[in-house]
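Novice: First, the structure itself, so that you have it in front of you.
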Amino acid sequence: MKEKRAQFATRFGVIATTVGSAVGLGNIWGFPYKCGANGGGAFLVVYIICVAVIGIPVMCAEFAIGRGTHKNVRGALRQLHSSRLIHAFSYIGILASILILSFYAVVAGWTLEYLVEALAGQMTASPAADFSSHFGDTIASPLRAIGWTALFLVCNYFILRRGVKKGVERMSNIMMPILFFILIVFCVHSFFLPEVTKGLTFLFHPDFTKITPTVVLGAMGQAFFSLSLGLSCLLVYSSYFSDKENLIRSAGVITLLDTVVAVLAGVIIFPAVFSYGTNVAEGPKLVYEVFPAIFASMSIGWLWAVLFFLLLFFAALTSTISMSEISIAFLTEEWGLSRKRASFVNMVVAIALGSLCALSFGVLSDFTIFGKTIFELFEYVASNILLPLGGIAFAVLAGWGIDRRFVRDQLTNGGSTNKWLYPIVLFLMRFIAPVAILLVFLYVLGIL
Ligand code: PHE
């Protein structure tokens, strides 16, 4: 089927859209809860190292492949390499995107629920502790848990079936800056909480004895997840970039903004966790239990709550749209489905798997595989295994597998920019990133 190639309209649009994919629940929900459960500052340090030495080169690899071919992932891999094994790597991305969409929709569903409760004025009307237990009841109720997850996926479907490029670009341009602004307001509020020092010490004062294989793998997985890397999502987006775009600079800006948002979320959450006596290692529910307490302590808290959950809902949508694009591009281009039908299939599969994830907090909470609930298993397998594997594949392909001139032309725009940055990125891409990912795997398997 002949594909119409769209392009993002402006440089701001390029950044806003890719940041829209990167910034989402991973930053505001995932980072604080994982950081909290994995030793605070130590996790942050390992996370930042992973972002710098693995994240940036893998992102540059995806960008070079995507922008250089202007194709979807399978098309790009086919154009660049004849090996079928390499082509098969596109399936890892598709599998990862489906697993992620399924558990992500559950958390995005919580955001919708909060939005509705905040609109009804319920979040600040009752004491925060009551709200947390009310939240516990809601996610334990099978119908409600599945209902919110499905509702979110239906919203995702309606945007996807119309084709995303213009809509997403325009929406991201407006939403992303407002979200950023609101986070800053909450940060300032956090500085006035009683346990601000304790919270910030937890986040910024690393205790290196806390670094274990689990912490390192978790931080690396979170870096991949938060930057939307390793599943060809940014590869597909960069295929819409213009040839003038400076890829290394874009990768730097996106990585920086994404990391800043995650750290801001930590600065908001941890002082609140210690001030309100929540358990810092609470797990996936952490952020959703702490926020109501924050709103309850703010003046016109309900309005902040509405604004915040609305923006979080959009941040989640811009991320789920980007991950859904992977399977939709595959279904339309490889199986010849229409865009509408492909979006529908994507939604139905995600609702089926997402329901299992949603039930992991209620009736299926005792159903575990390798000691993990279905929700935890999906998150673990996608972030900690599939995305890093995809990362190795893209880094090795761009670093070793394809014509060096192709990659150099992409990363330097034909030799006109990044003269001294390019060799550094190439070195990280060829040697450091793949080896670092392998070392983490060996460390976790107990071989190192
Ligand atoms: N990066 C997104 C977030 O932090 C999640 C995501 C993962 C989006 C993978 C696309 C692909 O929320």
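Residue numbers start at 1 in each chain; chains themselves are named A, B, ... in the order of the structure tokens; ligands are numbered from 1 in the order shown.
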Could you pull out the alpha helix (DSSP H) residues of region 181-247 of chain A, going by DSSP on the backbone, and write them as a PyMOL selection string?
Specialist: chain A and resi 181-190+196-204+213-226+233-238+247
Novice: For the selection you just gave me, I'd like the residues written to a file as a PDB file, in the first residue's frame, keeping C-alpha atoms.
Specialist:
```
ATOM      1  CA  PHE A 181       4.268  25.129  34.221  1.00  0.00           C
ATOM      2  CA  ILE A 182       1.873  23.327  36.537  1.00  0.00           C
ATOM      3  CA  LEU A 183       4.599  20.986  37.749  1.00  0.00           C
ATOM      4  CA  ILE A 184       6.690  23.989  38.709  1.00  0.00           C
ATOM      5  CA  VAL A 185       3.782  25.375  40.751  1.00  0.00           C
ATOM      6  CA  PHE A 186       3.467  22.061  42.616  1.00  0.00           C
ATOM      7  CA  CYS A 187       7.210  22.010  43.224  1.00  0.00           C
ATOM      8  CA  VAL A 188       7.058  25.401  44.872  1.00  0.00           C
ATOM      9  CA  HIS A 189       4.171  24.154  46.993  1.00  0.00           C
ATOM     10  CA  SER A 190       6.260  21.147  48.061  1.00  0.00           C
ATOM     11  CA  VAL A 196      10.650  18.928  52.685  1.00  0.00           C
ATOM     12  CA  THR A 197      14.232  18.305  53.826  1.00  0.00           C
ATOM     13  CA  LYS A 198      13.620  14.636  54.435  1.00  0.00           C
ATOM     14  CA  GLY A 199      11.980  14.242  51.027  1.00  0.00           C
ATOM     15  CA  LEU A 200      14.711  16.041  49.130  1.00  0.00           C
ATOM     16  CA  THR A 201      17.455  14.210  51.015  1.00  0.00           C
ATOM     17  CA  PHE A 202      15.836  10.927  50.070  1.00  0.00           C
ATOM     18  CA  LEU A 203      15.851  11.946  46.406  1.00  0.00           C
ATOM     19  CA  PHE A 204      19.178  13.733  46.112  1.00  0.00           C
ATOM     20  CA  PRO A 213      21.158  -5.722  40.487  1.00  0.00           C
ATOM     21  CA  THR A 214      17.436  -5.030  40.875  1.00  0.00           C
ATOM     22  CA  VAL A 215      18.051  -1.312  41.284  1.00  0.00           C
ATOM     23  CA  VAL A 216      20.333  -1.151  38.253  1.00  0.00           C
ATOM     24  CA  LEU A 217      17.987  -3.139  36.016  1.00  0.00           C
ATOM     25  CA  GLY A 218      15.014  -1.108  37.231  1.00  0.00           C
ATOM     26  CA  ALA A 219      16.805   2.174  36.505  1.00  0.00           C
ATOM     27  CA  MET A 220      17.869   1.060  33.050  1.00  0.00           C
ATOM     28  CA  GLY A 221      14.383  -0.205  32.238  1.00  0.00           C
ATOM     29  CA  GLN A 222      12.880   3.033  33.490  1.00  0.00           C
ATOM     30  CA  ALA A 223      15.303   5.038  31.310  1.00  0.00           C
ATOM     31  CA  PHE A 224      14.173   3.108  28.219  1.00  0.00           C
ATOM     32  CA  PHE A 225      10.528   3.334  29.174  1.00  0.00           C
ATOM     33  CA  SER A 226      10.586   7.007  30.023  1.00  0.00           C
ATOM     34  CA  CYS A 233       8.473   4.525  18.579  1.00  0.00           C
ATOM     35  CA  LEU A 234      10.946   7.367  18.125  1.00  0.00           C
ATOM     36  CA  LEU A 235      12.174   5.739  14.940  1.00  0.00           C
ATOM     37  CA  VAL A 236       8.679   6.060  13.499  1.00  0.00           C
ATOM     38  CA  TYR A 237       8.280   9.653  14.730  1.00  0.00           C
ATOM     39  CA  SER A 238      11.656  10.671  13.343  1.00  0.00           C
ATOM     40  CA  LEU A 247      19.157  14.918  15.305  1.00  0.00           C
TER      41      LEU A 247
END
```
Novice: Hey, what's within 7 Å of Val280 (chain A) if we count only C-alpha atoms and toss same-chain stuff fewer than 6 positions away? As a ChimeraX atom specification, please?
Specialist: /A:36-37,273
Novice: Quick one: residues within 8 Å of ligand 1, with only C-alpha atoms and all ligand atoms, as an MDAnalysis selection string?
Specialist: chainID A and resid 21:28 30 97 100 104 224:229 231 233:234 258 315:316 319:323
Novice: Neighbours of Gly399 (chain A) within 8 Å (only C-alpha atoms; same-chain residues fewer than 3 positions away dropped), as JSON, numbers by chain?
Specialist: {"A": [61, 395, 396, 402, 404, 407, 426, 429, 430]}
Novice: Of the candidates A:Leu428, A:Leu286, A:Ile294, A:Ile248, which shows the shortest atom-to-atom distance to Leu193 (chain A), using only C-alpha atoms?
Specialist: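 Looking only at the distances to Leu193 (chain A), the closest residue turns out to be A:Ile294.
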Novice: Give me, as a list of chain:residue names, all polymer residues having an atom no more than 10 Å from Ile374 (chain A), counting only C-alpha atoms and skipping those fewer than 3 positions away in the same chain.
Specialist: A:Phe103, A:Leu353, A:Gly354, A:Leu356, A:Cys357, A:Ala358, A:Leu359, A:Ser360, A:Phe361, A:Leu364, A:Ser365, A:Asp366, A:Phe367, A:Thr368, A:Ile369, A:Phe370, A:Gly371, A:Leu377, A:Phe378, A:Glu379, A:Tyr380
Novice: Between A:Ala382, A:Val53, A:Ile139, A:Ile15, which residue has the minimum interatomic distance to Ile424 (chain A), considering only C-alpha atoms?
Specialist: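 Closest to Ile424 (chain A), using only C-alpha atoms: A:Val53.
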Novice: For Gly41 (chain A), which residue out of A:Cys60, A:Val73, A:Val263, A:Leu115 is the nearest one, using only C-alpha atoms?
Specialist: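 The shortest atom-to-atom distance to Gly41 (chain A) comes from A:Val263.
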